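Text of the file protein.pdb, holding PDB, C-alpha atoms, pLDDT in the B column:
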```pdb
ATOM      1  CA  MET A   1     106.112  84.249  78.557  1.00 46.00           C
ATOM      2  CA  ALA A   2     108.902  85.096  80.995  1.00 55.00           C
ATOM      3  CA  ARG A   3     110.134  88.670  80.984  1.00 65.00           C
ATOM      4  CA  ARG A   4     113.678  89.047  79.692  1.00 74.00           C
ATOM      5  CA  PRO A   5     115.672  91.381  81.956  1.00 83.00           C
ATOM      6  CA  ARG A   6     117.390  94.372  80.363  1.00 90.00           C
ATOM      7  CA  ILE A   7     119.025  95.372  83.626  1.00 96.00           C
ATOM      8  CA  LYS A   8     121.698  92.864  84.629  1.00 97.00           C
ATOM      9  CA  ARG A   9     122.683  94.292  88.010  1.00 98.00           C
ATOM     10  CA  ALA A  10     120.308  96.486  89.992  1.00 98.00           C
ATOM     11  CA  LEU A  11     120.232  98.155  93.354  1.00 98.00           C
ATOM     12  CA  VAL A  12     116.742  98.407  94.827  1.00 98.00           C
ATOM     13  CA  LYS A  13     115.977 100.884  97.599  1.00 98.00           C
ATOM     14  CA  LEU A  14     113.221  99.521  99.867  1.00 97.00           C
ATOM     15  CA  SER A  15     111.562 101.783 102.407  1.00 94.00           C
ATOM     16  CA  GLY A  16     111.012 100.580 105.942  1.00 93.00           C
ATOM     17  CA  GLU A  17     107.282 100.865 105.296  1.00 91.00           C
ATOM     18  CA  SER A  18     107.614  97.934 102.865  1.00 93.00           C
ATOM     19  CA  PHE A  19     107.841  95.669 105.896  1.00 93.00           C
ATOM     20  CA  CYS A  20     104.597  96.692 107.594  1.00 90.00           C
ATOM     21  CA  THR A  21     100.961  97.526 107.042  1.00 82.00           C
ATOM     22  CA  PRO A  22     100.520 101.105 105.732  1.00 81.00           C
ATOM     23  CA  GLY A  23     100.294 103.570 108.590  1.00 77.00           C
ATOM     24  CA  GLN A  24     101.615 101.098 111.142  1.00 82.00           C
ATOM     25  CA  ARG A  25     104.997 100.159 112.609  1.00 89.00           C
ATOM     26  CA  GLY A  26     107.059  97.035 113.104  1.00 93.00           C
ATOM     27  CA  ILE A  27     107.452  94.027 110.803  1.00 95.00           C
ATOM     28  CA  VAL A  28     104.406  92.245 109.367  1.00 92.00           C
ATOM     29  CA  ALA A  29     105.014  88.780 107.915  1.00 92.00           C
ATOM     30  CA  ALA A  30     102.501  89.261 105.092  1.00 92.00           C
ATOM     31  CA  SER A  31     104.074  92.554 104.006  1.00 93.00           C
ATOM     32  CA  THR A  32     107.542  91.031 104.027  1.00 95.00           C
ATOM     33  CA  ALA A  33     106.262  88.082 101.989  1.00 95.00           C
ATOM     34  CA  THR A  34     104.903  90.514  99.395  1.00 94.00           C
ATOM     35  CA  VAL A  35     108.378  92.023  99.032  1.00 96.00           C
ATOM     36  CA  VAL A  36     109.809  88.536  98.518  1.00 97.00           C
ATOM     37  CA  ASP A  37     107.120  87.802  95.909  1.00 97.00           C
ATOM     38  CA  GLU A  38     108.462  90.729  93.883  1.00 97.00           C
ATOM     39  CA  ILE A  39     112.123  89.860  94.325  1.00 98.00           C
ATOM     40  CA  GLN A  40     111.995  86.117  93.640  1.00 97.00           C
ATOM     41  CA  PRO A  41     111.161  86.095  89.902  1.00 96.00           C
ATOM     42  CA  VAL A  42     113.695  88.856  89.250  1.00 97.00           C
ATOM     43  CA  VAL A  43     116.545  86.933  90.865  1.00 97.00           C
ATOM     44  CA  GLU A  44     115.454  83.677  89.235  1.00 96.00           C
ATOM     45  CA  SER A  45     115.638  85.424  85.844  1.00 95.00           C
ATOM     46  CA  GLY A  46     119.367  85.956  86.414  1.00 96.00           C
ATOM     47  CA  VAL A  47     119.447  89.566  87.603  1.00 97.00           C
ATOM     48  CA  GLN A  48     122.104  90.365  90.197  1.00 98.00           C
ATOM     49  CA  LEU A  49     120.192  92.158  92.953  1.00 98.00           C
ATOM     50  CA  ALA A  50     121.372  94.311  95.831  1.00 98.00           C
ATOM     51  CA  LEU A  51     118.897  95.816  98.286  1.00 98.00           C
ATOM     52  CA  VAL A  52     119.243  98.857 100.532  1.00 98.00           C
ATOM     53  CA  VAL A  53     116.628  98.792 103.277  1.00 97.00           C
ATOM     54  CA  GLY A  54     115.244 101.709 105.240  1.00 95.00           C
ATOM     55  CA  GLY A  55     114.193 101.630 108.882  1.00 94.00           C
ATOM     56  CA  GLY A  56     111.242 103.990 109.016  1.00 92.00           C
ATOM     57  CA  ASN A  57     108.920 101.260 110.239  1.00 93.00           C
ATOM     58  CA  MET A  58     111.026 101.213 113.411  1.00 92.00           C
ATOM     59  CA  VAL A  59     112.929 104.487 113.928  1.00 87.00           C
ATOM     60  CA  ARG A  60     113.630 107.535 111.766  1.00 82.00           C
ATOM     61  CA  GLY A  61     116.554 109.661 112.875  1.00 80.00           C
ATOM     62  CA  ARG A  62     114.902 112.862 111.731  1.00 79.00           C
ATOM     63  CA  ASP A  63     111.906 112.168 113.987  1.00 81.00           C
ATOM     64  CA  PHE A  64     114.165 113.108 116.896  1.00 81.00           C
ATOM     65  CA  ALA A  65     115.433 116.351 115.365  1.00 72.00           C
ATOM     66  CA  ALA A  66     113.544 118.475 117.899  1.00 76.00           C
ATOM     67  CA  ASN A  67     114.184 116.167 120.850  1.00 83.00           C
ATOM     68  CA  PRO A  68     116.523 117.913 123.325  1.00 87.00           C
ATOM     69  CA  HIS A  69     117.411 114.639 125.046  1.00 91.00           C
ATOM     70  CA  ILE A  70     118.652 112.604 122.057  1.00 92.00           C
ATOM     71  CA  HIS A  71     121.345 114.020 119.773  1.00 92.00           C
ATOM     72  CA  ARG A  72     120.586 113.815 116.070  1.00 90.00           C
ATOM     73  CA  ALA A  73     123.685 111.675 115.492  1.00 92.00           C
ATOM     74  CA  THR A  74     122.511 109.194 118.125  1.00 93.00           C
ATOM     75  CA  ALA A  75     119.047 109.133 116.577  1.00 92.00           C
ATOM     76  CA  ASP A  76     120.571 108.395 113.169  1.00 93.00           C
ATOM     77  CA  TYR A  77     122.553 105.496 114.616  1.00 94.00           C
ATOM     78  CA  MET A  78     119.304 104.179 116.107  1.00 93.00           C
ATOM     79  CA  GLY A  79     117.789 104.351 112.628  1.00 94.00           C
ATOM     80  CA  MET A  80     120.745 102.459 111.179  1.00 96.00           C
ATOM     81  CA  LEU A  81     120.234  99.661 113.691  1.00 96.00           C
ATOM     82  CA  ALA A  82     116.563  99.531 112.691  1.00 95.00           C
ATOM     83  CA  THR A  83     117.628  98.812 109.102  1.00 97.00           C
ATOM     84  CA  VAL A  84     119.658  95.837 110.325  1.00 97.00           C
ATOM     85  CA  ILE A  85     116.546  94.388 111.985  1.00 96.00           C
ATOM     86  CA  ASN A  86     114.661  94.724 108.694  1.00 96.00           C
ATOM     87  CA  ALA A  87     117.568  93.235 106.758  1.00 97.00           C
ATOM     88  CA  LEU A  88     117.706  90.146 108.978  1.00 97.00           C
ATOM     89  CA  ALA A  89     113.946  89.622 108.670  1.00 96.00           C
ATOM     90  CA  LEU A  90     114.145  89.950 104.889  1.00 97.00           C
ATOM     91  CA  GLN A  91     117.129  87.607 104.695  1.00 98.00           C
ATOM     92  CA  ASP A  92     115.241  84.814 106.435  1.00 97.00           C
ATOM     93  CA  ALA A  93     112.130  85.441 104.347  1.00 97.00           C
ATOM     94  CA  LEU A  94     114.167  85.186 101.135  1.00 98.00           C
ATOM     95  CA  GLU A  95     116.061  82.098 102.238  1.00 98.00           C
ATOM     96  CA  SER A  96     112.796  80.389 103.203  1.00 97.00           C
ATOM     97  CA  ARG A  97     112.108  80.468  99.438  1.00 97.00           C
ATOM     98  CA  GLY A  98     115.517  78.972  98.660  1.00 98.00           C
ATOM     99  CA  LEU A  99     117.105  82.281  97.616  1.00 98.00           C
ATOM    100  CA  PRO A 100     120.692  82.581  98.941  1.00 98.00           C
ATOM    101  CA  THR A 101     121.114  85.927 100.674  1.00 98.00           C
ATOM    102  CA  ARG A 102     123.840  87.831 102.505  1.00 98.00           C
ATOM    103  CA  VAL A 103     123.440  90.826 104.816  1.00 98.00           C
ATOM    104  CA  LEU A 104     126.326  93.299 104.740  1.00 98.00           C
ATOM    105  CA  SER A 105     126.272  96.053 107.341  1.00 98.00           C
ATOM    106  CA  ALA A 106     128.073  99.396 107.341  1.00 98.00           C
ATOM    107  CA  ILE A 107     128.218  99.073 111.144  1.00 97.00           C
ATOM    108  CA  THR A 108     130.247  96.045 112.166  1.00 96.00           C
ATOM    109  CA  MET A 109     128.230  93.411 114.041  1.00 96.00           C
ATOM    110  CA  THR A 110     129.812  90.129 113.042  1.00 95.00           C
ATOM    111  CA  SER A 111     127.534  88.000 115.222  1.00 96.00           C
ATOM    112  CA  VAL A 112     124.604  88.584 112.860  1.00 96.00           C
ATOM    113  CA  CYS A 113     125.957  89.799 109.509  1.00 97.00           C
ATOM    114  CA  GLU A 114     129.034  90.524 107.454  1.00 98.00           C
ATOM    115  CA  PRO A 115     130.759  93.915 107.320  1.00 98.00           C
ATOM    116  CA  PHE A 116     130.265  95.859 104.114  1.00 98.00           C
ATOM    117  CA  ILE A 117     133.290  95.401 101.874  1.00 98.00           C
ATOM    118  CA  ARG A 118     132.820  96.502  98.289  1.00 98.00           C
ATOM    119  CA  ARG A 119     134.666  93.614  96.677  1.00 98.00           C
ATOM    120  CA  ARG A 120     132.874  91.103  98.884  1.00 98.00           C
ATOM    121  CA  ALA A 121     129.485  92.541  97.938  1.00 98.00           C
ATOM    122  CA  ILE A 122     130.314  92.288  94.231  1.00 98.00           C
ATOM    123  CA  ARG A 123     131.571  88.724  94.641  1.00 98.00           C
ATOM    124  CA  HIS A 124     128.320  87.681  96.349  1.00 98.00           C
ATOM    125  CA  LEU A 125     126.374  89.200  93.450  1.00 98.00           C
ATOM    126  CA  GLU A 126     128.515  87.364  90.912  1.00 98.00           C
ATOM    127  CA  LYS A 127     127.754  84.114  92.728  1.00 98.00           C
ATOM    128  CA  GLY A 128     124.030  84.735  92.395  1.00 97.00           C
ATOM    129  CA  ARG A 129     123.385  85.757  95.990  1.00 98.00           C
ATOM    130  CA  ILE A 130     121.024  88.559  96.944  1.00 98.00           C
ATOM    131  CA  VAL A 131     122.943  91.206  98.876  1.00 98.00           C
ATOM    132  CA  ILE A 132     121.091  93.224 101.521  1.00 98.00           C
ATOM    133  CA  LEU A 133     122.972  96.367 102.484  1.00 98.00           C
ATOM    134  CA  ALA A 134     122.122  97.476 106.016  1.00 98.00           C
ATOM    135  CA  ALA A 135     123.004 100.317 108.403  1.00 97.00           C
ATOM    136  CA  GLY A 136     122.984 103.001 105.723  1.00 97.00           C
ATOM    137  CA  THR A 137     126.351 104.597 105.073  1.00 97.00           C
ATOM    138  CA  GLY A 138     127.442 103.909 108.647  1.00 97.00           C
ATOM    139  CA  SER A 139     127.601 107.656 109.317  1.00 96.00           C
ATOM    140  CA  PRO A 140     124.951 109.975 110.775  1.00 95.00           C
ATOM    141  CA  PHE A 141     123.342 112.825 108.831  1.00 93.00           C
ATOM    142  CA  PHE A 142     123.025 110.716 105.665  1.00 94.00           C
ATOM    143  CA  THR A 143     119.774 109.104 104.565  1.00 94.00           C
ATOM    144  CA  THR A 144     119.306 105.599 103.215  1.00 96.00           C
ATOM    145  CA  ASP A 145     118.562 107.277  99.856  1.00 96.00           C
ATOM    146  CA  THR A 146     122.106 108.625  99.861  1.00 97.00           C
ATOM    147  CA  CYS A 147     123.317 105.179 100.880  1.00 98.00           C
ATOM    148  CA  ALA A 148     121.454 103.681  97.905  1.00 98.00           C
ATOM    149  CA  ALA A 149     123.093 106.147  95.507  1.00 98.00           C
ATOM    150  CA  LEU A 150     126.519 105.484  97.026  1.00 98.00           C
ATOM    151  CA  ARG A 151     126.221 101.687  96.985  1.00 98.00           C
ATOM    152  CA  ALA A 152     124.751 101.631  93.463  1.00 98.00           C
ATOM    153  CA  ASN A 153     127.898 103.346  92.261  1.00 98.00           C
ATOM    154  CA  GLU A 154     130.208 101.197  94.375  1.00 98.00           C
ATOM    155  CA  ILE A 155     128.842  97.935  92.984  1.00 98.00           C
ATOM    156  CA  SER A 156     128.591  99.327  89.420  1.00 98.00           C
ATOM    157  CA  ALA A 157     124.844  98.760  89.197  1.00 98.00           C
ATOM    158  CA  ASP A 158     123.102  99.418  85.901  1.00 98.00           C
ATOM    159  CA  ALA A 159     120.372 101.395  87.667  1.00 98.00           C
ATOM    160  CA  LEU A 160     119.063 102.468  91.048  1.00 98.00           C
ATOM    161  CA  LEU A 161     115.447 101.367  91.482  1.00 98.00           C
ATOM    162  CA  LYS A 162     113.521 103.170  94.195  1.00 97.00           C
ATOM    163  CA  ALA A 163     110.380 101.386  95.410  1.00 96.00           C
ATOM    164  CA  THR A 164     107.826 103.801  96.854  1.00 92.00           C
ATOM    165  CA  LYS A 165     104.171 103.896  97.855  1.00 88.00           C
ATOM    166  CA  VAL A 166     103.164 105.672  94.633  1.00 89.00           C
ATOM    167  CA  ASP A 167     103.769 104.768  90.993  1.00 90.00           C
ATOM    168  CA  GLY A 168     106.379 107.351  90.120  1.00 94.00           C
ATOM    169  CA  VAL A 169     107.298 110.985  90.729  1.00 95.00           C
ATOM    170  CA  PHE A 170     104.531 113.602  91.021  1.00 94.00           C
ATOM    171  CA  ASP A 171     104.575 117.388  91.259  1.00 90.00           C
ATOM    172  CA  ALA A 172     102.610 117.128  94.524  1.00 88.00           C
ATOM    173  CA  ASP A 173     101.607 114.435  96.996  1.00 86.00           C
ATOM    174  CA  PRO A 174      98.928 112.415  95.147  1.00 86.00           C
ATOM    175  CA  ALA A 175      97.464 111.313  98.481  1.00 82.00           C
ATOM    176  CA  GLU A 176      96.685 114.951  99.254  1.00 88.00           C
ATOM    177  CA  ASN A 177      96.144 116.311  95.752  1.00 90.00           C
ATOM    178  CA  PRO A 178      94.217 114.042  93.356  1.00 86.00           C
ATOM    179  CA  ASP A 179      95.166 116.388  90.497  1.00 89.00           C
ATOM    180  CA  ALA A 180      98.898 115.911  91.035  1.00 91.00           C
ATOM    181  CA  GLU A 181     100.774 115.430  87.767  1.00 92.00           C
ATOM    182  CA  ARG A 182     102.818 112.276  87.290  1.00 92.00           C
ATOM    183  CA  PHE A 183     106.025 112.433  85.274  1.00 95.00           C
ATOM    184  CA  ASP A 184     107.174 109.676  82.919  1.00 95.00           C
ATOM    185  CA  ARG A 185     110.692 111.062  82.591  1.00 96.00           C
ATOM    186  CA  LEU A 186     112.701 113.709  84.405  1.00 96.00           C
ATOM    187  CA  SER A 187     116.253 114.966  84.322  1.00 97.00           C
ATOM    188  CA  TYR A 188     118.361 115.079  87.466  1.00 96.00           C
ATOM    189  CA  GLN A 189     118.373 118.865  87.150  1.00 96.00           C
ATOM    190  CA  ASP A 190     114.564 118.944  86.992  1.00 95.00           C
ATOM    191  CA  VAL A 191     114.387 117.090  90.302  1.00 95.00           C
ATOM    192  CA  LEU A 192     116.981 119.354  91.914  1.00 95.00           C
ATOM    193  CA  THR A 193     115.537 122.609  90.615  1.00 94.00           C
ATOM    194  CA  ARG A 194     111.935 121.757  91.470  1.00 92.00           C
ATOM    195  CA  GLN A 195     112.928 119.965  94.706  1.00 89.00           C
ATOM    196  CA  LEU A 196     110.432 117.230  93.946  1.00 92.00           C
ATOM    197  CA  GLY A 197     111.369 115.289  97.063  1.00 84.00           C
ATOM    198  CA  VAL A 198     111.503 111.820  95.557  1.00 89.00           C
ATOM    199  CA  MET A 199     114.982 111.365  97.046  1.00 93.00           C
ATOM    200  CA  ASP A 200     117.173 113.648  99.076  1.00 91.00           C
ATOM    201  CA  LEU A 201     119.201 116.129  97.064  1.00 93.00           C
ATOM    202  CA  THR A 202     122.539 114.542  97.984  1.00 95.00           C
ATOM    203  CA  ALA A 203     121.435 111.244  96.448  1.00 97.00           C
ATOM    204  CA  ILE A 204     120.179 112.930  93.272  1.00 97.00           C
ATOM    205  CA  SER A 205     123.407 114.940  92.917  1.00 96.00           C
ATOM    206  CA  MET A 206     125.511 111.810  93.353  1.00 97.00           C
ATOM    207  CA  CYS A 207     123.560 109.955  90.665  1.00 97.00           C
ATOM    208  CA  MET A 208     123.742 112.961  88.352  1.00 97.00           C
ATOM    209  CA  GLU A 209     127.531 113.129  88.693  1.00 97.00           C
ATOM    210  CA  SER A 210     127.931 109.424  87.904  1.00 97.00           C
ATOM    211  CA  LYS A 211     125.047 109.291  85.355  1.00 97.00           C
ATOM    212  CA  MET A 212     123.359 106.548  87.361  1.00 98.00           C
ATOM    213  CA  PRO A 213     119.766 106.096  86.078  1.00 97.00           C
ATOM    214  CA  ILE A 214     117.042 106.185  88.721  1.00 98.00           C
ATOM    215  CA  ILE A 215     113.676 104.496  88.251  1.00 97.00           C
ATOM    216  CA  VAL A 216     110.955 105.321  90.772  1.00 97.00           C
ATOM    217  CA  PHE A 217     108.079 102.841  90.945  1.00 96.00           C
ATOM    218  CA  THR A 218     105.694 101.186  93.374  1.00 95.00           C
ATOM    219  CA  LEU A 219     105.805  97.665  94.773  1.00 91.00           C
ATOM    220  CA  ALA A 220     102.049  97.837  95.368  1.00 86.00           C
ATOM    221  CA  SER A 221     101.330  96.384  91.915  1.00 88.00           C
ATOM    222  CA  ALA A 222     102.337  92.749  91.551  1.00 91.00           C
ATOM    223  CA  GLY A 223     105.107  92.166  89.016  1.00 94.00           C
ATOM    224  CA  ASN A 224     106.256  95.784  88.885  1.00 95.00           C
ATOM    225  CA  LEU A 225     109.853  95.042  89.849  1.00 97.00           C
ATOM    226  CA  ALA A 226     110.141  92.386  87.149  1.00 96.00           C
ATOM    227  CA  GLY A 227     108.612  94.837  84.690  1.00 96.00           C
ATOM    228  CA  VAL A 228     111.088  97.560  85.595  1.00 96.00           C
ATOM    229  CA  VAL A 229     114.137  95.333  85.078  1.00 96.00           C
ATOM    230  CA  ALA A 230     112.616  94.150  81.797  1.00 95.00           C
ATOM    231  CA  GLY A 231     112.512  97.755  80.590  1.00 94.00           C
ATOM    232  CA  GLU A 232     108.741  98.150  80.620  1.00 95.00           C
ATOM    233  CA  ASP A 233     107.145 101.588  80.866  1.00 93.00           C
ATOM    234  CA  ILE A 234     106.635 101.602  84.633  1.00 95.00           C
ATOM    235  CA  GLY A 235     107.143 104.471  87.041  1.00 95.00           C
ATOM    236  CA  THR A 236     109.339 107.502  86.398  1.00 97.00           C
ATOM    237  CA  ILE A 237     112.818 107.414  84.875  1.00 97.00           C
ATOM    238  CA  ILE A 238     115.326 110.034  86.039  1.00 97.00           C
ATOM    239  CA  THR A 239     118.347 110.485  83.776  1.00 96.00           C
ATOM    240  CA  GLU A 240     120.347 113.292  82.159  1.00 92.00           C
TER     241      GLU A 240
END
```
For the file at hand, write its structure as structure tokens.
Amino acid sequence: MARRPRIKRALVKLSGESFCTPGQRGIVAASTATVVDEIQPVVESGVQLALVVGGGNMVRGRDFAANPHIHRATADYMGMLATVINALALQDALESRGLPTRVLSAITMTSVCEPFIRRRAIRHLEKGRIVILAAGTGSPFFTTDTCAALRANEISADALLKATKVDGVFDADPAENPDAERFDRLSYQDVLTRQLGVMDLTAISMCMESKMPIIVFTLASAGNLAGVVAGEDIGTIITE
């Protein structure tokens, strides 16, 4: 029986690592196809879906923080361009399955994608198109997590869904500590006070101010995204 979505419009934050084999770099076709496998049934169920993509599989701005030859702002712009590369790859992968998709970039590059305009993004969603939001906020010193929080509010999403490598929020890195405790629910203040690191503090504060629910889950289990939008008990929910 098909899952009935409870979330009508969602913004999904995808890490750059979603596009490659764990521990590696670049774009791997099989990894990208797995992302599409998760997205397709959700969109076909009628959910309006916007995606914010990271660029960590290519370049992370913060990796250059100690580099005396590349300014942090320049490094962040490099990271933004990496997200555009991922967005274009994902767009073609989605459209190869017959899913209409638009890439909107915070940095204008009209030869390959549209500029981000809030009303245009919402109109694409209303027409049933998947909207991929690239180039972060368009400004340095902000992460793609902050971009996801900002765009979720701009498009009036019902929730911000953060896809990670682990199935929720833990009190320690479960890869390093097998006894790490997983949380089913957290408040925004819990995350801020304990600095749990699931998203940067600016993003959490922005969602707290606007009461935007955050659901943290993993794409590693098939069908998880569909389960999250259907309201199933998956991952960790962050609310008031």
Any chance you could work out the residue set of the PyMOL selection byres ((chain A and resi 149) around 9) here, as a ChimeraX atom specification? /A:11,144-148,150-154,160,202-204,206-207,212
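The nearest approach to Ala159 of chain A among the residues A:Arg62, A:Arg182, A:Arg97, A:Lys211, with only C-alpha atoms taken into account, belongs to A:Lys211.
Counting all atoms listed in the file and comparing A:Leu201, A:Ile155, A:Leu99, A:Ile85, the residue that lies closest to Ile130 of chain A is A:Leu99.
All residues that come within 12 Å of the coordinates (102.9, 87.5, 99.9), counting all atoms listed in the file, are given as Ser18, Phe19, Val28, Ala29, Ala30, Ser31, Thr32, Ala33, Thr34, Val35, Val36, Asp37, Glu38, Ile39, Gln40, Ala93, Leu94, Arg97, Leu219, Ala220 and Ala222 of chain A.
Our summary of the geometry notes that atom CA of Val47 of chain A is positioned 29.4 Å from atom CA of Ser139 of chain A.
For the set A:His124, A:Ser210, A:Leu104, A:Ala226, the residue with the smallest atom-to-atom gap to Val53 of chain A is A:Leu104, counting all atoms listed in the file.
Atom CA of Pro22 of chain A lies 17.6 Å from atom CA of Ala82 of chain A.
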Calculate how many Å separate atom CA of Gly61 of chain A from atom CA of Ala75 of chain A, rounding to one decimal. 4.5 Å
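Nearest to Leu186 of chain A of all the residues A:Phe116, A:Phe142, A:Phe170, A:Phe64 is A:Phe170, based on all atoms listed in the file.
Using only C-alpha atoms for every distance, the candidate list A:Val12, A:Ile238, A:Val229, A:Met80 yields A:Ile238 as the residue closest to Leu196 of chain A.
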Please write the residues picked by the PyMOL selection byres ((chain A and resi 134) around 9) on this file as a compact mmCIF listing (two decimals) with C-alpha atoms, keeping the file's coordinate frame.
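Printed below is part_32.txt as written:
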```txt
# COMPACT_ATOMS: atom_id res chain seq x y z
CA LEU A 51 118.90 95.82 98.29
CA VAL A 52 119.24 98.86 100.53
CA VAL A 53 116.63 98.79 103.28
CA GLY A 54 115.24 101.71 105.24
CA MET A 80 120.74 102.46 111.18
CA LEU A 81 120.23 99.66 113.69
CA ALA A 82 116.56 99.53 112.69
CA THR A 83 117.63 98.81 109.10
CA VAL A 84 119.66 95.84 110.32
CA ILE A 85 116.55 94.39 111.98
CA ASN A 86 114.66 94.72 108.69
CA ALA A 87 117.57 93.24 106.76
CA VAL A 103 123.44 90.83 104.82
CA LEU A 104 126.33 93.30 104.74
CA SER A 105 126.27 96.05 107.34
CA ALA A 106 128.07 99.40 107.34
CA ILE A 107 128.22 99.07 111.14
CA PHE A 116 130.26 95.86 104.11
CA ILE A 132 121.09 93.22 101.52
CA LEU A 133 122.97 96.37 102.48
CA ALA A 135 123.00 100.32 108.40
CA GLY A 136 122.98 103.00 105.72
CA THR A 137 126.35 104.60 105.07
CA GLY A 138 127.44 103.91 108.65
```
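If all atoms listed in the file are the atoms counted, then among A:Asn57, A:Ser156, A:Gln195, A:Thr74 the closest residue to Cys20 of chain A is A:Asn57.
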Starting from the PyMOL selection byres ((chain A and resi 216) around 6), expand the selection into actual residues of this file and give them as an MDAnalysis selection string. chainID A and resid 162 168 215 217 235:236
What lies within 12 Å of Ala175 of chain A using all atoms listed in the file, ignoring chain neighbours under 6 positions off, as an NGL selection string? :A and (165-167 or 181)
